[in-house]
file protein37.cif (mmCIF, C-alpha atoms and all ligand atoms)
data_coords
loop_
_atom_site.label_atom_id
_atom_site.label_comp_id
_atom_site.auth_asym_id
_atom_site.auth_seq_id
_atom_site.Cartn_x
_atom_site.Cartn_y
_atom_site.Cartn_z
CA MET A 662 128.27 47.96 76.55
CA GLN A 663 132.04 48.50 76.64
CA LEU A 664 132.89 51.31 79.08
CA LYS A 665 136.03 53.30 78.38
CA ASN A 666 135.57 57.06 78.27
CA ILE A 667 134.63 58.77 81.51
CA GLY A 668 133.92 62.49 81.71
CA ILE A 669 134.02 64.37 85.01
CA VAL A 670 132.11 67.65 85.24
CA GLY A 671 132.27 69.81 88.37
CA TRP A 672 135.63 68.54 89.65
CA ARG A 673 136.65 72.05 90.80
CA GLY A 674 133.89 72.37 93.38
CA MET A 675 133.73 71.24 96.98
CA VAL A 676 132.36 67.78 96.16
CA GLY A 677 134.46 67.53 93.00
CA GLN A 678 137.77 68.13 94.76
CA VAL A 679 136.98 65.52 97.42
CA LEU A 680 135.89 63.12 94.68
CA MET A 681 139.16 63.59 92.78
CA GLU A 682 141.20 63.04 95.97
CA ARG A 683 139.31 59.85 96.77
CA MET A 684 139.58 58.57 93.18
CA GLN A 685 143.31 59.10 93.25
CA ALA A 686 143.60 57.38 96.65
CA GLU A 687 141.58 54.36 95.45
CA ASN A 688 143.32 54.17 92.06
CA ASP A 689 139.98 54.71 90.27
CA PHE A 690 141.68 56.62 87.44
CA SER A 691 143.03 53.29 86.19
CA LEU A 692 139.47 52.26 85.27
CA GLY A 693 139.44 54.06 81.91
CA GLU A 694 140.25 57.23 79.96
CA PHE A 695 139.24 60.31 81.93
CA THR A 696 138.31 63.71 80.47
CA LEU A 697 137.70 66.79 82.61
CA PHE A 698 134.98 69.28 81.73
CA SER A 699 134.34 72.70 83.22
CA ALA A 700 131.72 75.37 82.69
CA SER A 701 134.02 78.17 83.77
CA ALA A 702 137.67 77.11 83.40
CA THR A 703 138.07 75.58 79.94
CA GLY A 704 140.90 75.41 77.45
CA ARG A 705 143.91 75.26 79.74
CA SER A 706 146.00 72.11 79.98
CA VAL A 707 146.13 70.32 83.26
CA SER A 708 149.65 69.56 84.39
CA GLY A 709 150.69 65.93 84.86
CA LYS A 710 150.89 66.55 88.58
CA MET A 711 147.19 67.06 89.22
CA TYR A 712 145.79 64.09 91.15
CA GLY A 713 148.81 62.15 89.91
CA ARG A 714 147.65 62.12 86.30
CA ASP A 715 147.82 64.05 83.04
CA PHE A 716 144.23 64.83 82.07
CA GLY A 717 145.15 66.85 78.97
CA LYS A 718 143.01 69.86 78.04
CA ILE A 719 139.98 70.81 80.06
CA LEU A 720 136.95 70.69 77.78
CA ASP A 721 133.93 72.96 77.76
CA ALA A 722 131.11 71.42 79.82
CA SER A 723 128.59 72.81 77.32
CA ASP A 724 130.19 71.01 74.35
CA LEU A 725 127.52 68.40 73.59
CA ASN A 726 129.61 66.64 70.94
CA ALA A 727 132.45 66.09 73.40
CA LEU A 728 130.03 65.00 76.15
CA LYS A 729 128.36 62.53 73.78
CA LYS A 730 131.65 60.69 73.31
CA MET A 731 131.65 59.72 77.01
CA ASP A 732 130.39 56.29 78.10
CA VAL A 733 129.99 57.62 81.64
CA ILE A 734 129.45 61.21 82.76
CA LEU A 735 130.10 61.81 86.43
CA THR A 736 128.91 65.24 87.46
CA CYS A 737 129.07 67.27 90.64
CA GLN A 738 128.60 70.58 88.84
CA GLY A 739 125.17 71.31 90.34
CA GLY A 740 121.45 71.11 89.68
CA ASP A 741 121.26 73.87 87.06
CA TYR A 742 123.85 72.10 84.92
CA THR A 743 121.98 68.79 85.25
CA LYS A 744 118.63 70.37 84.36
CA GLN A 745 120.12 71.91 81.22
CA TYR A 746 122.44 69.22 79.81
CA TYR A 747 120.95 65.88 80.91
CA PRO A 748 117.75 66.32 78.82
CA MET A 749 119.77 67.70 75.87
CA LEU A 750 122.01 64.62 75.84
CA LYS A 751 119.02 62.30 76.14
CA ARG A 752 117.26 64.10 73.26
CA GLU A 753 120.36 63.61 71.12
CA GLY A 754 120.17 59.85 71.75
CA TRP A 755 123.09 59.59 74.18
CA ARG A 756 122.86 56.26 76.03
CA GLY A 757 125.76 56.46 78.48
CA PHE A 758 125.65 56.28 82.27
CA TRP A 759 124.93 59.51 84.15
CA ILE A 760 126.20 59.63 87.76
CA ASP A 761 125.23 62.84 89.54
CA ALA A 762 125.65 64.56 92.94
CA ALA A 763 122.88 67.11 92.38
CA SER A 764 119.33 66.68 93.61
CA ALA A 765 117.67 67.66 90.30
CA LEU A 766 116.94 64.11 89.09
CA ARG A 767 116.73 62.23 92.40
CA MET A 768 112.96 61.80 92.51
CA GLU A 769 112.60 61.08 88.76
CA LYS A 770 111.35 57.57 87.97
CA GLU A 771 114.33 56.79 85.76
CA ALA A 772 116.82 57.72 88.52
CA THR A 773 118.15 55.42 91.24
CA ILE A 774 119.46 57.04 94.42
CA ILE A 775 122.80 55.41 95.19
CA LEU A 776 124.12 54.47 98.63
CA ASP A 777 125.44 50.98 97.96
CA PRO A 778 126.22 49.84 101.53
CA VAL A 779 122.51 50.43 102.21
CA ASN A 780 120.76 49.72 98.90
CA MET A 781 123.04 47.60 96.69
CA HIS A 782 120.03 45.39 95.83
CA VAL A 783 118.16 48.43 94.49
CA ILE A 784 121.19 49.49 92.40
CA LYS A 785 121.68 45.98 91.01
CA SER A 786 118.06 45.57 89.99
CA ALA A 787 118.15 49.00 88.29
CA LEU A 788 121.22 47.89 86.32
CA GLN A 789 119.47 44.66 85.37
CA ARG A 790 116.52 46.68 84.07
CA GLY A 791 118.97 48.66 81.92
CA GLU A 792 118.70 51.91 83.91
CA THR A 793 121.52 54.39 83.31
CA THR A 794 120.80 57.31 85.69
CA PHE A 795 122.31 57.09 89.18
CA VAL A 796 122.17 59.96 91.65
CA GLY A 797 123.82 60.42 95.04
CA GLY A 798 121.41 61.09 97.89
CA ASN A 799 121.01 64.21 99.99
CA CYS A 800 124.02 64.40 102.31
CA THR A 801 122.13 64.41 105.62
CA VAL A 802 119.88 61.56 104.49
CA SER A 803 122.81 59.39 103.35
CA LEU A 804 124.73 60.05 106.58
CA MET A 805 121.69 59.24 108.74
CA LEU A 806 120.99 56.00 106.83
CA MET A 807 124.60 54.84 107.12
CA ALA A 808 124.83 55.77 110.83
CA ILE A 809 121.71 53.90 111.99
CA GLN A 810 121.68 51.26 109.25
CA GLY A 811 121.50 48.53 111.92
CA LEU A 812 117.99 49.65 112.92
CA PHE A 813 116.74 49.73 109.32
CA LYS A 814 118.24 46.30 108.61
CA ALA A 815 116.29 44.89 111.56
CA ASN A 816 113.09 46.71 110.47
CA LEU A 817 112.91 48.40 113.86
CA VAL A 818 112.17 51.99 112.82
CA GLU A 819 108.63 53.31 113.20
CA TRP A 820 109.55 56.97 112.66
CA ILE A 821 112.47 59.38 113.03
CA SER A 822 112.74 63.00 114.02
CA THR A 823 116.06 64.49 112.94
CA MET A 824 117.44 67.86 114.02
CA THR A 825 120.45 68.77 111.92
CA TYR A 826 123.58 70.85 112.41
CA GLN A 827 124.88 71.26 108.85
CA ALA A 828 128.29 72.59 107.84
CA ALA A 829 128.90 75.60 105.58
CA SER A 830 130.70 73.49 102.96
CA GLY A 831 127.41 71.65 102.39
CA ALA A 832 126.36 74.75 100.46
CA GLY A 833 129.46 74.74 98.22
CA ALA A 834 132.96 76.19 97.96
CA LYS A 835 131.94 79.85 97.85
CA ASN A 836 129.74 79.53 100.94
CA MET A 837 132.48 77.80 102.89
CA GLU A 838 134.90 80.56 101.93
CA GLU A 839 132.31 83.12 103.03
CA LEU A 840 132.04 81.57 106.51
CA VAL A 841 135.82 81.86 106.93
CA ALA A 842 135.66 85.44 105.62
CA GLN A 843 132.93 86.26 108.16
CA TYR A 844 135.02 85.00 111.11
CA ASP A 845 138.00 86.86 109.64
CA CYS A 846 135.99 90.08 109.35
CA VAL A 847 135.04 89.85 113.04
CA GLY A 848 138.67 89.11 113.96
CA ARG A 849 139.91 92.14 112.05
CA GLY A 850 137.16 94.34 113.51
CA LEU A 851 138.21 93.37 117.01
CA GLN A 852 141.91 93.91 116.26
CA LYS A 853 141.18 97.52 115.35
CA ASN A 854 139.44 98.17 118.67
CA LEU A 855 141.05 95.76 121.09
CA ASN A 856 141.09 98.32 123.89
CA VAL A 857 137.33 98.87 123.49
CA ALA A 858 136.41 95.40 124.75
CA GLN A 859 137.36 95.47 128.39
CA SER A 860 134.83 92.91 129.61
CA ALA A 861 133.22 89.80 128.18
CA LEU A 862 129.94 91.68 127.73
CA GLU A 863 131.65 94.46 125.78
CA LEU A 864 133.33 91.82 123.64
CA GLU A 865 129.95 90.21 122.88
CA LYS A 866 128.45 93.60 121.97
CA LYS A 867 131.34 94.38 119.64
CA VAL A 868 131.10 90.97 117.89
CA THR A 869 127.30 91.19 117.60
CA GLY A 870 127.67 94.70 116.18
CA ILE A 871 130.07 93.47 113.51
CA ILE A 872 127.96 90.47 112.45
CA ARG A 873 124.90 92.71 112.14
CA SER A 874 126.79 95.30 110.08
CA GLU A 875 127.04 95.63 106.31
CA GLU A 876 130.81 95.13 106.49
CA LEU A 877 130.27 91.38 107.14
CA PRO A 878 130.56 89.44 103.83
CA HIS A 879 127.14 87.85 103.21
CA GLU A 880 126.75 87.55 99.42
CA HIS A 881 126.25 83.76 99.48
CA PHE A 882 124.47 82.98 102.77
CA GLY A 883 122.65 86.31 102.81
CA HIS A 884 123.01 86.50 106.61
CA PRO A 885 125.62 86.07 109.35
CA LEU A 886 126.54 82.44 109.93
CA ALA A 887 129.72 83.07 111.94
CA TYR A 888 128.79 83.36 115.63
CA SER A 889 125.21 82.51 114.64
CA LEU A 890 123.16 79.83 112.83
CA LEU A 891 120.59 79.69 110.05
CA PRO A 892 117.48 77.60 110.76
CA TRP A 893 116.40 77.30 107.10
CA ILE A 894 118.22 75.38 104.36
CA ASP A 895 117.18 75.45 100.69
CA SER A 896 113.87 76.79 99.39
CA GLU A 897 110.40 76.79 100.96
CA TYR A 898 108.45 73.60 100.37
CA GLU A 899 104.97 72.49 101.46
CA MET A 900 103.42 72.28 104.97
CA GLY A 901 105.97 74.76 106.34
CA GLN A 902 108.89 72.46 105.56
CA SER A 903 112.09 73.53 103.86
CA ARG A 904 113.07 71.51 100.79
CA GLU A 905 115.99 70.06 102.77
CA GLU A 906 113.54 68.78 105.40
CA TRP A 907 111.24 67.29 102.75
CA LYS A 908 114.20 65.32 101.33
CA GLY A 909 114.51 63.48 104.67
CA PHE A 910 111.21 61.69 104.12
CA SER A 911 111.13 61.37 100.34
CA GLU A 912 114.72 60.24 99.81
CA THR A 913 114.91 57.89 102.80
CA ASN A 914 111.93 55.98 101.49
CA LYS A 915 113.14 55.98 97.89
CA ILE A 916 116.62 54.76 98.87
CA LEU A 917 115.18 51.97 101.03
CA GLN A 918 112.32 51.26 98.56
CA THR A 919 109.96 50.93 101.51
CA THR A 920 106.49 49.48 100.87
CA LYS A 921 105.09 51.32 103.93
CA PRO A 922 106.79 54.75 104.08
CA ILE A 923 108.73 55.52 107.27
CA PRO A 924 107.93 59.06 108.49
CA VAL A 925 111.07 61.21 108.77
CA ASP A 926 110.85 64.88 109.74
CA GLY A 927 112.68 67.55 111.70
CA THR A 928 114.38 70.93 111.43
CA CYS A 929 117.47 71.43 109.25
CA VAL A 930 119.88 74.06 110.54
CA ARG A 931 123.09 75.50 109.06
CA VAL A 932 125.77 76.07 111.69
CA GLY A 933 129.15 77.78 111.58
CA VAL A 934 131.03 74.51 111.08
CA LEU A 935 133.32 74.09 108.06
CA ARG A 936 132.83 70.43 107.21
CA CYS A 937 130.68 67.54 108.61
CA HIS A 938 126.94 67.38 109.15
CA SER A 939 125.71 66.33 112.58
CA GLN A 940 122.20 65.26 113.56
CA GLY A 941 120.34 64.77 116.81
CA LEU A 942 117.93 61.88 116.32
CA THR A 943 114.78 60.82 118.13
CA ILE A 944 113.91 57.35 116.89
CA LYS A 945 110.63 55.63 117.62
CA LEU A 946 111.22 51.88 117.57
CA ASN A 947 108.44 49.43 116.92
CA GLN A 948 109.73 47.14 119.70
CA ASN A 949 111.12 47.60 123.19
CA LEU A 950 114.53 45.89 122.98
CA PRO A 951 117.37 45.99 125.52
CA LEU A 952 119.85 48.81 124.85
CA SER A 953 122.78 46.36 124.60
CA GLU A 954 121.01 44.50 121.78
CA ILE A 955 120.32 47.77 119.93
CA GLU A 956 123.94 48.87 120.32
CA GLY A 957 125.13 45.55 118.91
CA MET A 958 122.98 45.99 115.79
CA LEU A 959 124.18 49.56 115.28
CA ARG A 960 127.84 48.63 115.74
CA GLU A 961 127.76 45.70 113.31
CA ALA A 962 125.76 47.32 110.49
CA ASN A 963 128.65 48.39 108.25
CA PRO A 964 132.45 48.83 108.53
CA TRP A 965 132.33 52.64 108.76
CA VAL A 966 129.97 53.26 111.67
CA LYS A 967 131.77 53.87 114.95
CA LEU A 968 129.63 53.57 118.04
CA VAL A 969 130.96 55.95 120.67
CA PRO A 970 130.00 54.93 124.23
CA ASN A 971 127.58 57.38 125.85
CA LYS A 972 130.25 58.90 128.09
CA LYS A 973 131.13 62.60 128.26
CA ASP A 974 134.89 62.36 127.68
CA LEU A 975 134.63 59.94 124.72
CA THR A 976 131.71 61.84 123.16
CA LEU A 977 133.52 65.18 123.26
CA ALA A 978 136.75 63.65 121.95
CA GLU A 979 135.31 61.48 119.16
CA LEU A 980 131.82 62.62 118.15
CA THR A 981 132.49 66.06 116.72
CA PRO A 982 133.13 67.57 113.27
CA ALA A 983 136.65 68.42 114.51
CA ALA A 984 137.35 64.71 115.08
CA ILE A 985 135.52 63.30 112.05
CA SER A 986 136.15 65.77 109.17
CA GLY A 987 138.08 64.22 106.30
CA THR A 988 137.42 60.62 107.38
CA LEU A 989 134.95 57.98 106.23
CA THR A 990 133.94 57.31 109.83
CA LEU A 991 130.27 57.72 110.71
CA GLY A 992 130.34 58.75 114.32
CA LEU A 993 127.31 57.59 116.29
CA GLY A 994 126.78 58.14 119.99
CA ARG A 995 124.56 59.53 122.77
CA VAL A 996 122.58 56.31 122.28
CA ARG A 997 120.16 55.88 125.17
CA LYS A 998 116.52 55.15 125.93
CA MET A 999 114.54 58.38 126.41
CA ARG A 1000 112.22 59.47 129.21
CA LEU A 1001 109.51 59.65 126.53
CA GLY A 1002 109.13 55.86 126.78
CA ASP A 1003 111.04 52.59 126.40
CA SER A 1004 110.69 52.44 122.63
CA PHE A 1005 112.10 55.94 122.11
CA LEU A 1006 115.81 56.04 121.31
CA ASN A 1007 118.05 59.11 121.47
CA ALA A 1008 121.15 59.27 119.23
CA PHE A 1009 123.60 61.78 117.81
CA THR A 1010 125.61 61.32 114.64
CA SER A 1011 128.36 63.24 112.89
CA GLY A 1012 129.67 62.36 109.43
CA ASP A 1013 131.63 63.98 106.61
CA GLN A 1014 129.00 65.19 104.17
CA LEU A 1015 131.57 65.56 101.39
CA LEU A 1016 132.60 61.89 101.69
CA TRP A 1017 129.69 59.53 102.48
CA GLY A 1018 127.28 62.41 101.93
CA ALA A 1019 128.46 63.13 98.38
CA ALA A 1020 131.69 61.93 96.72
CA GLU A 1021 132.00 58.38 98.06
CA PRO A 1022 128.73 56.91 96.69
CA LEU A 1023 129.56 58.44 93.27
CA ARG A 1024 133.02 56.90 92.93
CA ARG A 1025 131.72 53.59 94.25
CA MET A 1026 128.98 53.65 91.61
CA LEU A 1027 131.64 54.03 88.93
CA ARG A 1028 133.39 50.93 90.34
CA ILE A 1029 130.07 49.02 90.39
CA LEU A 1030 129.61 49.79 86.66
CA PHE A 1031 133.06 48.48 85.86
CA GLU A 1032 132.71 45.42 88.05
P1 LIG B 1101 130.41 74.09 94.48
O1 LIG B 1101 131.54 73.97 95.43
O2 LIG B 1101 129.68 75.38 94.43
O3 LIG B 1101 130.94 73.71 93.02
C1 LIG B 1101 130.09 73.56 91.92
C2 LIG B 1101 130.80 74.06 90.67
O4 LIG B 1101 130.90 75.48 90.65
C3 LIG B 1101 132.23 73.65 90.48
O5 LIG B 1101 132.36 72.31 90.14
C4 LIG B 1101 132.69 74.59 89.40
O6 LIG B 1101 132.24 74.09 88.15
C5 LIG B 1101 131.91 75.86 89.72
N1 LIG B 1101 132.76 76.92 90.27
C6 LIG B 1101 132.70 78.21 89.87
N2 LIG B 1101 133.55 78.94 90.58
C7 LIG B 1101 134.17 78.14 91.46
C8 LIG B 1101 135.16 78.33 92.46
N3 LIG B 1101 135.67 79.51 92.73
N4 LIG B 1101 135.57 77.25 93.19
C9 LIG B 1101 135.05 76.03 92.95
N5 LIG B 1101 134.12 75.81 92.01
C10 LIG B 1101 133.67 76.85 91.26
O7 LIG B 1101 129.28 73.00 94.80
P2 LIG B 1101 129.43 71.60 95.55
O8 LIG B 1101 129.26 71.82 97.01
O9 LIG B 1101 130.63 70.89 95.08
O10 LIG B 1101 128.10 70.86 95.09
C11 LIG B 1101 127.96 70.31 93.79
C12 LIG B 1101 126.64 69.54 93.73
O11 LIG B 1101 126.67 68.50 94.71
C13 LIG B 1101 125.41 70.39 94.06
O12 LIG B 1101 124.34 70.00 93.27
C14 LIG B 1101 125.14 70.07 95.51
O13 LIG B 1101 123.80 70.25 95.87
C15 LIG B 1101 125.54 68.61 95.55
N6 LIG B 1101 125.94 68.14 96.89
C16 LIG B 1101 126.81 68.89 97.62
C17 LIG B 1101 127.21 68.43 98.87
C18 LIG B 1101 128.16 69.23 99.73
O14 LIG B 1101 128.39 68.83 100.87
N7 LIG B 1101 128.74 70.32 99.24
C19 LIG B 1101 126.73 67.21 99.34
C20 LIG B 1101 125.87 66.45 98.54
C21 LIG B 1101 125.49 66.94 97.31
P3 LIG B 1101 132.86 74.52 86.75
O15 LIG B 1101 134.33 74.21 86.79
O16 LIG B 1101 132.11 73.68 85.78
O17 LIG B 1101 132.56 75.98 86.61
#

call {"tool": "encode", "arguments": {"input": "protein37.cif", "output": "structure tokens", "more": "lines below"}}
Ligand code: NAP
result
Amino acid sequence: MQLKNIGIVGWRGMVGQVLMERMQAENDFSLGEFTLFSASATGRSVSGKMYGRDFGKILDASDLNALKKMDVILTCQGGDYTKQYYPMLKREGWRGFWIDAASALRMEKEATIILDPVNMHVIKSALQRGETTFVGGNCTVSLMLMAIQGLFKANLVEWISTMTYQAASGAGAKNMEELVAQYDCVGRGLQKNLNVAQSALELEKKVTGIIRSEELPHEHFGHPLAYSLLPWIDSEYEMGQSREEWKGFSETNKILQTTKPIPVDGTCVRVGVLRCHSQGLTIKLNQNLPLSEIEGMLREANPWVKLVPNKKDLTLAELTPAAISGTLTLGLGRVRKMRLGDSFLNAFTSGDQLLWGAAEPLRRMLRILFE
């Protein structure tokens, strides 16, 4: 099949904007003819200056005839869009490649979850079978797999418990804006009554009062995230898990195509961070190996993982969302044997969920198709 026309849906969102930046940086727009689609901003012409290219008119993302002309549709519009338009296109006999950031199709049989540094063999065999549906993994799962890839490569993992600290932008552009608006609301509230807070305790009471009040913007998160955290992400699933927590087990094992599933479980928490998901990991190894050997495997697993020595100054300087946001680096540190036993490993990882957790596997999949 000759690939030429590529449609991008959802380029205005959080993932979409990062995707467009990365595609421009990697010269991916030279691969073919690109058309932009939008569900809410159609009709206007895009100036030649956007992402260094003239994309012409933005087309309506519900225009099936226009979508059908695409050989590849790359979408980061969201799950509702996927659920509506993917089956419609299939029913109409469209046979192009569908590359998606949303979770809607991930566990479908026809879909391959893409994270090529980890599962290129799975992607290649899907292509050989003539599969055309490729979906990026859940951001925390992809970041965890990339960060401790060395342990999976060596078949050392018996189980993992992962406690997450997930950024506001993981929930989309409007949520990220709401977090900033919440901090701003507190800042403005304090400005009005600066003389009221004469001690640290009074300051705390004032801030807590504002975040509990109706004046705090909360349309998208539903609750205060600024100066707080939210220990539930996504909908309720089974066995008391959130859907985000369920994805840890189901997607890890689908991405790795394990024959004996590796248990993965933990608590997923939204924190008042703008960008970058972090995770505290407890890893049960199936062997007691020296720490230096384990560190070597982790360090060598892929070009993006950066093993930070387990030292306070380096950890605080290099293993934080502030240090890692906007980079392809997968920070990994706090690696040590635990008091729980010699085969229990502690680790902490921080990675940009908009890059390796979303946009990067999508643009790399496009390259794989063309190569
Ligand atoms: P988002 O920021 O909410 O954007 C999704 C779409 O909303 C946009 O592409 C845009 O589509 C529309 N939109 C409407 N008003 C907008 C506005 N004011 N600003 C920007 N966009 C607006 O969602 P997202 O975080 O990019 O996520 C997209 C998909 O990727 C979701 O399925 C999500 O679960 C998945 N994902 C997200 C992340 C992450 O870290 N955010 C990571 C992995 C996977 P139209 O132009 O078509 O209206």

call {"tool": "residues_near_ligand", "arguments": {"input": "protein37.cif", "ligand": "ligand LIG 1101 (chain B)", "cutoff": "9 Å", "atoms": "only C-alpha atoms and all ligand atoms", "output": "PyMOL selection string"}}
result
chain A and resi 670-679+698-703+721-722+736-743+761-765+797-801+828-837+936-938+1013-1020

call {"tool": "closest_residue", "arguments": {"input": "protein37.cif", "among": "A:Lys998, A:Lys744, A:Arg931, A:His782", "to": "Arg767 of chain A", "atoms": "all atoms listed in the file"}}
result
A:Lys744

call {"tool": "axis_aligned_box", "arguments": {"input": "protein37.cif", "around": "segment 991-1000 of chain A", "padding_each_side": "3 Å", "output": "lines of an AutoDock Vina configuration file"}}
result
center_x = 121.3
center_y = 57.3
center_z = 120.0
size_x = 24.1
size_y = 10.4
size_z = 24.5

call {"tool": "atom_distance", "arguments": {"input": "protein37.cif", "atom1": "atom CA of Asn726 of chain A", "atom2": "atom CA of Glu792 of chain A"}}
result
22.5 Å

call {"tool": "closest_residue", "arguments": {"input": "protein37.cif", "among": "A:Lys973, A:Glu899, A:Tyr746, A:Ile667", "to": "Leu766 of chain A", "atoms": "all atoms listed in the file"}}
result
A:Tyr746
